[in-house]
Amino acid sequence: MRIRNLVNEDASLISRRCWSDPAVYALEKRGIFGRSWLFLGHESQIRSPGDFVQAYMCETPIILARGLDGGIYATINSCTHRGLPVCRADYGNTKRFVCPYHNWSYTVEGNLVTIPQESELSHQPDKSKLGLKRVPRVESWRGLIFGSFDASIIALEDYLGDMRFYLDAFLDRFPSGIEFMGAPQRWMINANWKLPVENQLGDVNHGAFLHSAIIPREAQDTIEKLGYSVVTTPGHGATFRLMPADAPVDEVAWGMEGLGGIFGGEEVKNYLREVQAQASARVGALRARMKGLTYGIYPNLSFLWSNTSFKVSHPRGPGKVEYWSWAVVPADAPEHIKRVLRTNYSSFFGPAGILEQEDAEVWSQQFLGSNIDFADDRPYFYGLGLGEEKIHPEMPGLVSVTANEFYARHFFSRWRDDLLTVEDAL
Amino acid sequence: MSAQSLEITPDEQRRLERFYFYEARLLDNRQYRQWLGLLSQDVRYVMPARVNVQVPNRARGQEDMLSVERELEGADSMGCPHREENYTILTLRAERAYKINSWSEQPPARTRRIVGNIELLVSDGQQSSVCSNFLLYYSRPGSENVIYSGQRRDTLLSRPAGFLLAQREVVLDYATIELPTLGLLF
């Protein structure tokens with residue numbers, strides 16, 4: 001197996017082995033998860049010193065914490081003595097993480113402070129060298145916290161690049177930014193991690209078909225008519241509707257077409273109209289007209305603007321995903337309005353989602369199809385719209401209609417190049 | 001949730017069982033529209049998320065240390081329950097089942113619900129709080145077979161024709177969801 005045989009030059013043909021081969025997965029760990037910025041959490045989850053939440057970087061468990069100095073710390077959740085996780089709660093606030101096996105204890109920043117056995121011994125180990133392993137790079141932008149195992153990786157803002165323009169269309173719409181609600185919903189799906197990512201990166205096309213039991217055809221027609229797909233950097237992409245400049249506020253405003261707008265009554269509607277009334281001043285006239293659908297940040301973070309949730313596709317081997325998702329709401333919305341708004345995520349997406357139950361099924365079926373024999377001469381066709389993406393005068397990146405699968409070709413070009421780098425080094 | 005159930009007559013207990021066994025049979029027989037007929041129009045259907053919580057220091061050694069309630073991110077929390085639904089959303093789920101493109105249930109899953117431990121906790125004759133446990137065997141074509149385990153905390157309204165479900169809180173026994181979907185009618 002050689003990576004250059006799995007993805008062709010223009011990434012219009014993708015081998016089934018990309019999705020199912022354990023050797024490919026081993027290369028992905030080193031070439032992608034060891035060398036990218038990976039999403040860890042949001043600052044709203046760790047507001048006070050001592051606050052912590054759990055996270056993952058690929059299969060490696062991480063503690064994300066607010067240190068006593070107010071800084072953000074990401075450490076590997078594994079005791080330096082025998083490797084057990086020292087943190088078992090999903091979130092909380094603590095002074096110490098204590099290993100259950102021999103009670104080695106660590107500060108929230110990950111420094112080793114107690115080895116109970118050392119008082120009986122003549123020679124004390126150097127505790128300053130035995131703290132939890134720290135993730136070498138941790139940076140945040142607009143409250144979104146990322147970590148990287150690559151100490152020499154470019155700055156997070158440069159890594160996000162022009163995706164910031166599209167992320168800000170949502171994140172900067174709210175004066176106090178956004179807030180993640182509660183613990184992530186965690187759902188094991190028998191799929192390869194890249195398919196949920198691809199789905200959220202730009203696959204608007206499946207909506208009219210896979211979800212036709214729920215999404216009316218007219219809604220899908222509007223999406224196709226007003227919809228754009230954008231790739232800013234290979235692997236990063238956004239899809240959205242650009243509403244006409246004269247569209248009434250109730251058609252443009254975020255949330256109005258969701259369950260908050262439908263069931264929340266006039267109070268919620270007025271809140272959403274108020275947000276939209278400020279949008280032009282906050283994010284400019286063009287971005288105020290954007291009504292987002294799906295976003296993807298390489299390698300495995302997704303933002304579903306239409307149902308306002310952040311999602312991370314954590315691999316658990318080639319054929320299993322631990323899919324995490326959070327409901328996201330404006331931080332300064334009143335609490336009772338936040339509770340109404342979150343239902344537009346949970347009713348449609350997440351483990352109980354009436355739409356995502358179909359997605360999880362096809363993601364699992366795709367893995368089965370990727371793992372069959374005697375079909376390696378039939379790679380998957382990724383050629384729809386090849387070369388049709390263009391530069392746009394007002395919007396950064398390459399821009400096209402949503403039927404163009406260039407978002408996936410760009411993802412797999414970057415994926416191939418990342419894996420070639422580590423494969424060649426073998 | 002900590003008091004014993006009310007002392008009721010076998011006939012009263014039988015009336016509750018009759019309702020729950022009928023409901024389970026309708027759902028296993030995929031008669032979801034008839035199931036909707038058991039709901040009050042203003043029904044609230046909630047499934048809290050369940051998390052692995054930190055033990056607060058003051059709770060150590062106390063019964064509250066292991067409290068189930070602290071694990072739940074329910075409707076009143078600022079977390080995110082798995083489901084918070086009204087009659088319209090439940091209707092959407094029921095009607096979806098009869099569309100040929102509800103792909104995750106086509107061909108339909110085979111289910112078998114066992115409902116037990118039915119306890120009447122509070123009642124004023126018109127409105128009753130009832131708690132029950134369930135196991136739901138779920139066999140989806142082309143997928144692994146799984147068992148759902150949980151508790152239902154219901155509010156039933158007593159009507160001449162029988163009970164109506166006014167509120168249901170479904171407490172599932174999972175934090176990480178290793179199940180194909182939580183979108184079933186529990």
# chains A, B, ... in the order shown; residues from 1 in each chain; ligands from 1
call {"tool": "closest_atom_pairs", "arguments": {"of": "stretch 153-236 of chain A", "to": "stretch 332-340 of chain A", "cutoff": "8 Å", "atoms": "only C-alpha atoms", "output": "CSV"}}
result
residue,atom,partner,partner_atom,distance
A:Phe174,CA,A:Asp332,CA,7.8
A:Pro175,CA,A:Asp332,CA,7.6
A:Ser176,CA,A:Asp332,CA,5.9
A:Gly177,CA,A:Asp332,CA,7.7
A:Ile178,CA,A:Asp332,CA,7.9
call {"tool": "residues_around", "arguments": {"residues": "stretch 263-268 of chain A", "least_positions_apart": "2", "cutoff": "12 Å", "atoms": "only C-alpha atoms", "output": "PyMOL selection string"}}
result
(chain A and resi 250+253-261+270-275+333-344) or (chain B and resi 84-89)
call {"tool": "write_last_selection", "arguments": {"atoms": "N, CA, C and O atoms", "output": "CSV table (one decimal), in the first residue's frame"}}
result
chain,number,residue,atom,x,y,z
A,250,ASP,N,-37.1,38.5,8.7
A,250,ASP,CA,-37.5,37.2,9.2
A,250,ASP,C,-37.0,36.1,8.3
A,250,ASP,O,-36.9,34.9,8.8
A,253,ALA,N,-32.7,36.4,9.3
A,253,ALA,CA,-32.2,36.3,10.7
A,253,ALA,C,-31.9,34.8,11.0
A,253,ALA,O,-32.7,33.9,10.8
A,254,TRP,N,-30.7,34.7,11.7
A,254,TRP,CA,-30.3,33.4,12.2
A,254,TRP,C,-31.4,32.9,13.2
A,254,TRP,O,-31.8,33.6,14.0
A,255,GLY,N,-31.7,31.6,13.1
A,255,GLY,CA,-32.6,31.0,14.1
A,255,GLY,C,-34.1,31.1,13.8
A,255,GLY,O,-34.9,30.3,14.3
A,256,MET,N,-34.5,32.0,12.9
A,256,MET,CA,-36.0,32.1,12.6
A,256,MET,C,-36.6,30.9,12.0
A,256,MET,O,-37.8,30.6,12.3
A,257,GLU,N,-35.8,30.2,11.2
A,257,GLU,CA,-36.4,29.0,10.5
A,257,GLU,C,-36.2,27.8,11.4
A,257,GLU,O,-36.7,26.7,11.1
A,258,GLY,N,-35.6,27.9,12.5
A,258,GLY,CA,-35.4,26.8,13.5
A,258,GLY,C,-36.5,26.7,14.5
A,258,GLY,O,-37.4,27.4,14.5
A,259,LEU,N,-36.3,25.7,15.4
A,259,LEU,CA,-37.4,25.4,16.3
A,259,LEU,C,-37.6,26.6,17.3
A,259,LEU,O,-38.7,26.8,17.8
A,260,GLY,N,-36.5,27.3,17.6
A,260,GLY,CA,-36.6,28.5,18.4
A,260,GLY,C,-37.6,29.5,17.8
A,260,GLY,O,-38.4,30.0,18.5
A,261,GLY,N,-37.4,29.8,16.5
A,261,GLY,CA,-38.3,30.7,15.9
A,261,GLY,C,-39.7,30.2,15.7
A,261,GLY,O,-40.7,30.9,15.8
A,270,ASN,N,-38.4,38.1,18.6
A,270,ASN,CA,-37.8,39.5,18.7
A,270,ASN,C,-36.4,39.5,19.1
A,270,ASN,O,-35.6,40.4,18.6
A,271,TYR,N,-36.0,38.5,19.9
A,271,TYR,CA,-34.5,38.4,20.2
A,271,TYR,C,-33.7,38.2,18.9
A,271,TYR,O,-32.7,38.8,18.7
A,272,LEU,N,-34.2,37.2,18.1
A,272,LEU,CA,-33.5,36.9,16.9
A,272,LEU,C,-33.5,38.1,15.9
A,272,LEU,O,-32.5,38.3,15.2
A,273,ARG,N,-34.6,38.8,15.8
A,273,ARG,CA,-34.6,40.0,15.0
A,273,ARG,C,-33.6,41.1,15.5
A,273,ARG,O,-33.0,41.8,14.7
A,274,GLU,N,-33.5,41.2,16.8
A,274,GLU,CA,-32.6,42.2,17.4
A,274,GLU,C,-31.2,41.8,17.0
A,274,GLU,O,-30.4,42.7,16.7
A,275,VAL,N,-30.8,40.5,17.1
A,275,VAL,CA,-29.5,40.1,16.7
A,275,VAL,C,-29.2,40.5,15.3
A,275,VAL,O,-28.2,41.0,14.9
A,333,ALA,N,-27.5,35.7,25.6
A,333,ALA,CA,-29.0,35.5,25.5
A,333,ALA,C,-29.5,35.2,26.9
A,333,ALA,O,-28.8,34.5,27.7
A,334,PRO,N,-30.8,35.5,27.2
A,334,PRO,CA,-31.3,35.1,28.5
A,334,PRO,C,-31.4,33.6,28.6
A,334,PRO,O,-31.5,32.9,27.6
A,335,GLU,N,-31.3,33.1,29.8
A,335,GLU,CA,-31.2,31.6,30.0
A,335,GLU,C,-32.4,30.9,29.4
A,335,GLU,O,-32.2,29.8,28.7
A,336,HIS,N,-33.6,31.4,29.5
A,336,HIS,CA,-34.8,30.7,29.0
A,336,HIS,C,-34.8,30.7,27.5
A,336,HIS,O,-35.3,29.8,26.9
A,337,ILE,N,-34.2,31.7,26.9
A,337,ILE,CA,-34.1,31.7,25.4
A,337,ILE,C,-33.0,30.7,25.0
A,337,ILE,O,-33.2,30.0,24.0
A,338,LYS,N,-31.9,30.6,25.7
A,338,LYS,CA,-30.9,29.6,25.4
A,338,LYS,C,-31.5,28.2,25.4
A,338,LYS,O,-31.2,27.4,24.5
A,339,ARG,N,-32.4,28.0,26.4
A,339,ARG,CA,-33.0,26.6,26.5
A,339,ARG,C,-33.9,26.3,25.3
A,339,ARG,O,-34.0,25.2,24.9
A,340,VAL,N,-34.5,27.4,24.8
A,340,VAL,CA,-35.4,27.1,23.6
A,340,VAL,C,-34.5,26.9,22.3
A,340,VAL,O,-34.7,26.0,21.5
A,341,LEU,N,-33.4,27.8,22.2
A,341,LEU,CA,-32.6,27.7,21.0
A,341,LEU,C,-31.9,26.4,20.9
A,341,LEU,O,-31.7,25.9,19.8
A,342,ARG,N,-31.5,25.7,22.0
A,342,ARG,CA,-30.7,24.5,21.9
A,342,ARG,C,-31.5,23.4,21.3
A,342,ARG,O,-30.9,22.4,20.7
A,343,THR,N,-32.8,23.4,21.3
A,343,THR,CA,-33.6,22.3,20.8
A,343,THR,C,-33.5,22.2,19.3
A,343,THR,O,-33.8,21.2,18.7
A,344,ASN,N,-33.1,23.3,18.6
A,344,ASN,CA,-32.9,23.2,17.1
A,344,ASN,C,-31.7,22.4,16.8
A,344,ASN,O,-31.6,22.0,15.6
B,84,GLU,N,-36.0,17.3,23.9
B,84,GLU,CA,-37.0,18.1,24.5
B,84,GLU,C,-38.1,18.4,23.5
B,84,GLU,O,-37.9,19.2,22.6
B,85,GLU,N,-39.1,17.6,23.5
B,85,GLU,CA,-40.0,17.6,22.4
B,85,GLU,C,-41.5,17.8,22.8
B,85,GLU,O,-41.9,17.6,23.9
B,86,ASN,N,-42.2,18.4,21.8
B,86,ASN,CA,-43.7,18.6,22.0
B,86,ASN,C,-44.4,17.7,21.0
B,86,ASN,O,-43.8,16.8,20.4
B,87,TYR,N,-45.7,17.8,21.0
B,87,TYR,CA,-46.6,17.0,20.2
B,87,TYR,C,-46.2,17.0,18.7
B,87,TYR,O,-46.2,16.0,18.0
B,88,THR,N,-45.8,18.2,18.2
B,88,THR,CA,-45.5,18.4,16.8
B,88,THR,C,-44.2,17.6,16.4
B,88,THR,O,-44.2,16.9,15.4
B,89,ILE,N,-43.2,17.6,17.3
B,89,ILE,CA,-42.0,16.9,17.0
B,89,ILE,C,-42.2,15.4,17.1
B,89,ILE,O,-41.7,14.6,16.3
call {"tool": "closest_residue", "arguments": {"among": "A:Gln124, A:Gln185, A:Gln117, A:Ala151", "to": "B:Asn52", "atoms": "only C-alpha atoms"}}
result
A:Gln185
call {"tool": "atom_distance", "arguments": {"atom1": "atom CA of A:Ile145", "atom2": "atom CA of A:Ser280"}}
result
26.8 Å
call {"tool": "closest_residue", "arguments": {"among": "A:Arg96, A:His206, A:His211, A:Arg137", "to": "chain B", "atoms": "only C-alpha atoms"}}
result
A:His211
call {"tool": "residues_around", "arguments": {"residues": "B:Val46", "least_positions_apart": "6", "cutoff": "10 Å", "atoms": "only C-alpha atoms", "output": "number ranges by chain"}}
result
B: 74-75, 81-86, 152-153, 167-171
call {"tool": "write_last_selection", "arguments": {"atoms": "N, CA, C and O atoms", "output": "compact mmCIF listing (two decimals), in the first residue's frame"}}
result
# COMPACT_ATOMS: atom_id res chain seq x y z
N GLY B 74 -30.98 17.89 32.33
CA GLY B 74 -32.39 17.83 31.94
C GLY B 74 -32.91 19.15 31.40
O GLY B 74 -32.14 20.07 31.09
N ALA B 75 -34.25 19.24 31.33
CA ALA B 75 -34.89 20.39 30.69
C ALA B 75 -34.58 21.70 31.41
O ALA B 75 -34.48 22.75 30.77
N PRO B 81 -30.06 18.53 27.03
CA PRO B 81 -30.72 17.21 27.01
C PRO B 81 -30.69 16.64 25.59
O PRO B 81 -30.59 17.38 24.62
N HIS B 82 -30.78 15.30 25.52
CA HIS B 82 -30.84 14.69 24.19
C HIS B 82 -32.13 15.05 23.46
O HIS B 82 -32.13 15.22 22.25
N ARG B 83 -33.22 15.11 24.20
CA ARG B 83 -34.50 15.42 23.56
C ARG B 83 -35.34 16.31 24.46
O ARG B 83 -35.40 16.11 25.66
N GLU B 84 -36.00 17.29 23.85
CA GLU B 84 -37.01 18.12 24.52
C GLU B 84 -38.08 18.35 23.47
O GLU B 84 -37.92 19.21 22.61
N GLU B 85 -39.14 17.58 23.50
CA GLU B 85 -40.05 17.58 22.36
C GLU B 85 -41.49 17.84 22.78
O GLU B 85 -41.90 17.56 23.89
N ASN B 86 -42.24 18.35 21.82
CA ASN B 86 -43.66 18.57 22.01
C ASN B 86 -44.44 17.65 21.05
O ASN B 86 -43.84 16.80 20.37
N ARG B 152 -38.64 5.43 32.85
CA ARG B 152 -39.53 6.49 32.39
C ARG B 152 -40.26 7.08 33.60
O ARG B 152 -40.76 6.35 34.44
N ARG B 153 -40.27 8.40 33.64
CA ARG B 153 -40.97 9.11 34.72
C ARG B 153 -42.11 9.87 34.05
O ARG B 153 -41.86 10.85 33.35
N GLN B 167 -46.62 14.03 30.34
CA GLN B 167 -45.18 14.31 30.44
C GLN B 167 -44.44 12.99 30.50
O GLN B 167 -44.92 12.05 31.16
N ARG B 168 -43.30 12.95 29.85
CA ARG B 168 -42.44 11.78 29.99
C ARG B 168 -40.99 12.23 30.05
O ARG B 168 -40.54 13.00 29.20
N GLU B 169 -40.28 11.75 31.06
CA GLU B 169 -38.83 11.94 31.12
C GLU B 169 -38.20 10.56 30.99
O GLU B 169 -38.49 9.68 31.80
N VAL B 170 -37.38 10.38 29.97
CA VAL B 170 -36.73 9.09 29.73
C VAL B 170 -35.29 9.19 30.22
O VAL B 170 -34.51 9.99 29.69
N VAL B 171 -34.97 8.40 31.24
CA VAL B 171 -33.60 8.40 31.78
C VAL B 171 -32.91 7.14 31.28
O VAL B 171 -33.24 6.03 31.70
call {"tool": "interface_residues", "arguments": {"of": "chain A", "to": "chain B", "cutoff": "6 Å", "atoms": "only C-alpha atoms", "output": "PDB file with C-alpha atoms, in the first residue's frame"}}
result
ATOM      1  CA  ALA A  89     -15.262  13.412  35.471  1.00  0.00           C
ATOM      2  CA  ASP A  90     -16.467  14.982  32.216  1.00  0.00           C
ATOM      3  CA  GLY A  92     -15.708  20.133  37.078  1.00  0.00           C
ATOM      4  CA  MET A 181     -23.996  24.217  26.599  1.00  0.00           C
ATOM      5  CA  GLY A 182     -23.017  21.433  28.993  1.00  0.00           C
ATOM      6  CA  ARG A 186     -20.799  11.494  22.690  1.00  0.00           C
ATOM      7  CA  TRP A 187     -21.947   8.962  20.189  1.00  0.00           C
ATOM      8  CA  MET A 188     -20.114   5.872  18.923  1.00  0.00           C
ATOM      9  CA  ALA A 213     -38.440  12.280   4.668  1.00  0.00           C
ATOM     10  CA  SER A 346     -30.858  18.336  19.690  1.00  0.00           C
ATOM     11  CA  PRO A 351     -27.576  10.960  18.975  1.00  0.00           C
ATOM     12  CA  ALA A 352     -31.347  11.609  19.017  1.00  0.00           C
ATOM     13  CA  GLN A 357     -30.047   9.289  12.538  1.00  0.00           C
ATOM     14  CA  GLU A 358     -30.036   8.950   8.749  1.00  0.00           C
ATOM     15  CA  GLU A 361     -26.704   5.012   9.179  1.00  0.00           C
TER      16      GLU A 361
END
call {"tool": "select_by_dssp", "arguments": {"residues": "stretch 9-128 of chain B", "states": "alpha helix (DSSP H)", "output": "PyMOL selection string"}}
result
chain B and resi 10-28+32-36+87-96
call {"tool": "closest_residue", "arguments": {"among": "B:Thr155, B:Ser2, B:Ser67, B:Thr111", "to": "B:Gln127", "atoms": "only C-alpha atoms"}}
result
B:Thr155
call {"tool": "residues_around", "arguments": {"residues": "stretch 312-323 of chain A", "least_positions_apart": "6", "cutoff": "6 Å", "atoms": "only C-alpha atoms", "output": "PyMOL selection string"}}
result
chain A and resi 20+25+58+186-193+300-301
call {"tool": "select_by_dssp", "arguments": {"residues": "stretch 75-170 of chain A", "states": "strand (DSSP E)", "output": "ChimeraX atom specification"}}
result
/A:75-76,91-93,96-98,105-107,112-114,137-141,144-148
call {"tool": "closest_residue", "arguments": {"among": "A:Ser148, A:Thr94, A:Asn307, A:Ser119", "to": "A:Ile62", "atoms": "only C-alpha atoms"}}
result
A:Ser148
call {"tool": "residues_around", "arguments": {"residues": "A:Met395", "least_positions_apart": "5", "cutoff": "12 Å", "atoms": "only C-alpha atoms", "output": "PyMOL selection string"}}
result
chain A and resi 162-166+169+228-232+238+240+242+286-287+290+390+400
call {"tool": "closest_residue", "arguments": {"among": "A:Ala281, A:Ala403, A:Ile46, A:Ile297", "to": "A:Ala183", "atoms": "only C-alpha atoms"}}
result
A:Ile46
call {"tool": "atom_distance", "arguments": {"atom1": "atom CA of A:Arg66", "atom2": "atom CA of A:Arg134"}}
result
13.6 Å
call {"tool": "closest_residue", "arguments": {"among": "B:Asn57, B:Gln41, B:Asn117, B:Ser123", "to": "B:Leu165", "atoms": "only C-alpha atoms"}}
result
B:Gln41
call {"tool": "atom_distance", "arguments": {"atom1": "atom CA of A:Val135", "atom2": "atom CA of A:Tyr73"}}
result
8.0 Å
call {"tool": "residues_around", "arguments": {"residues": "B:Gln151", "least_positions_apart": "5", "cutoff": "8 Å", "atoms": "only C-alpha atoms", "output": "PDB file with N, CA and C atoms, in the first residue's frame"}}
result
ATOM      1  N   CYS B 131     -43.714   5.792  37.606  1.00  0.00           N
ATOM      2  CA  CYS B 131     -42.354   5.502  37.202  1.00  0.00           C
ATOM      3  C   CYS B 131     -42.312   4.046  36.731  1.00  0.00           C
ATOM      4  N   SER B 132     -41.590   3.790  35.644  1.00  0.00           N
ATOM      5  CA  SER B 132     -41.476   2.408  35.155  1.00  0.00           C
ATOM      6  C   SER B 132     -40.093   2.200  34.550  1.00  0.00           C
ATOM      7  N   ASN B 133     -39.669   0.950  34.486  1.00  0.00           N
ATOM      8  CA  ASN B 133     -38.401   0.599  33.845  1.00  0.00           C
ATOM      9  C   ASN B 133     -38.696  -0.098  32.519  1.00  0.00           C
ATOM     10  N   PHE B 134     -37.711  -0.028  31.607  1.00  0.00           N
ATOM     11  CA  PHE B 134     -37.920  -0.754  30.347  1.00  0.00           C
ATOM     12  C   PHE B 134     -36.609  -1.324  29.826  1.00  0.00           C
ATOM     13  N   VAL B 170     -37.376  10.382  29.966  1.00  0.00           N
ATOM     14  CA  VAL B 170     -36.731   9.092  29.726  1.00  0.00           C
ATOM     15  C   VAL B 170     -35.287   9.188  30.222  1.00  0.00           C
ATOM     16  N   VAL B 171     -34.966   8.405  31.244  1.00  0.00           N
ATOM     17  CA  VAL B 171     -33.601   8.401  31.781  1.00  0.00           C
ATOM     18  C   VAL B 171     -32.911   7.144  31.276  1.00  0.00           C
ATOM     19  N   LEU B 172     -31.989   7.319  30.333  1.00  0.00           N
ATOM     20  CA  LEU B 172     -31.270   6.166  29.781  1.00  0.00           C
ATOM     21  C   LEU B 172     -30.023   5.877  30.609  1.00  0.00           C
TER      22      LEU B 172
END
call {"tool": "residues_around", "arguments": {"residues": "A:Arg241", "least_positions_apart": "5", "cutoff": "10 Å", "atoms": "only C-alpha atoms", "output": "number ranges by chain"}}
result
A: 222-229, 252, 289-293, 402
call {"tool": "write_last_selection", "arguments": {"atoms": "N, CA and C atoms", "output": "PDB file, in the first residue's frame"}}
result
ATOM      1  N   THR A 222     -34.285  26.194  -2.409  1.00  0.00           N
ATOM      2  CA  THR A 222     -33.811  27.520  -1.990  1.00  0.00           C
ATOM      3  C   THR A 222     -32.330  27.458  -1.657  1.00  0.00           C
ATOM      4  N   ILE A 223     -31.937  26.378  -0.961  1.00  0.00           N
ATOM      5  CA  ILE A 223     -30.529  26.224  -0.601  1.00  0.00           C
ATOM      6  C   ILE A 223     -29.675  26.168  -1.866  1.00  0.00           C
ATOM      7  N   GLU A 224     -30.145  25.413  -2.857  1.00  0.00           N
ATOM      8  CA  GLU A 224     -29.342  25.292  -4.080  1.00  0.00           C
ATOM      9  C   GLU A 224     -29.308  26.598  -4.859  1.00  0.00           C
ATOM     10  N   LYS A 225     -30.398  27.370  -4.810  1.00  0.00           N
ATOM     11  CA  LYS A 225     -30.471  28.632  -5.552  1.00  0.00           C
ATOM     12  C   LYS A 225     -29.586  29.700  -4.919  1.00  0.00           C
ATOM     13  N   LEU A 226     -29.626  29.805  -3.596  1.00  0.00           N
ATOM     14  CA  LEU A 226     -28.901  30.878  -2.910  1.00  0.00           C
ATOM     15  C   LEU A 226     -27.588  30.387  -2.310  1.00  0.00           C
ATOM     16  N   GLY A 227     -27.302  29.097  -2.499  1.00  0.00           N
ATOM     17  CA  GLY A 227     -26.192  28.505  -1.770  1.00  0.00           C
ATOM     18  C   GLY A 227     -24.834  28.695  -2.433  1.00  0.00           C
ATOM     19  N   TYR A 228     -23.806  28.808  -1.596  1.00  0.00           N
ATOM     20  CA  TYR A 228     -22.418  28.855  -2.042  1.00  0.00           C
ATOM     21  C   TYR A 228     -21.623  27.825  -1.261  1.00  0.00           C
ATOM     22  N   SER A 229     -20.617  27.313  -1.919  1.00  0.00           N
ATOM     23  CA  SER A 229     -19.654  26.468  -1.245  1.00  0.00           C
ATOM     24  C   SER A 229     -18.294  27.130  -1.414  1.00  0.00           C
ATOM     25  N   VAL A 252     -33.892  36.395   6.781  1.00  0.00           N
ATOM     26  CA  VAL A 252     -32.426  36.441   6.866  1.00  0.00           C
ATOM     27  C   VAL A 252     -31.930  36.030   8.248  1.00  0.00           C
ATOM     28  N   ARG A 289     -25.835  39.109   5.485  1.00  0.00           N
ATOM     29  CA  ARG A 289     -26.802  38.403   4.628  1.00  0.00           C
ATOM     30  C   ARG A 289     -26.519  36.897   4.570  1.00  0.00           C
ATOM     31  N   MET A 290     -25.414  36.480   5.186  1.00  0.00           N
ATOM     32  CA  MET A 290     -25.075  35.051   5.141  1.00  0.00           C
ATOM     33  C   MET A 290     -25.929  34.270   6.126  1.00  0.00           C
ATOM     34  N   LYS A 291     -26.421  33.147   5.655  1.00  0.00           N
ATOM     35  CA  LYS A 291     -27.169  32.237   6.505  1.00  0.00           C
ATOM     36  C   LYS A 291     -26.466  30.899   6.352  1.00  0.00           C
ATOM     37  N   GLY A 292     -25.660  30.572   7.333  1.00  0.00           N
ATOM     38  CA  GLY A 292     -24.723  29.465   7.189  1.00  0.00           C
ATOM     39  C   GLY A 292     -25.396  28.115   7.201  1.00  0.00           C
ATOM     40  N   LEU A 293     -24.726  27.164   6.591  1.00  0.00           N
ATOM     41  CA  LEU A 293     -25.167  25.768   6.614  1.00  0.00           C
ATOM     42  C   LEU A 293     -24.116  24.967   7.365  1.00  0.00           C
ATOM     43  N   THR A 402     -23.109  24.564  -4.670  1.00  0.00           N
ATOM     44  CA  THR A 402     -22.975  23.526  -3.644  1.00  0.00           C
ATOM     45  C   THR A 402     -22.857  22.123  -4.244  1.00  0.00           C
TER      46      THR A 402
END
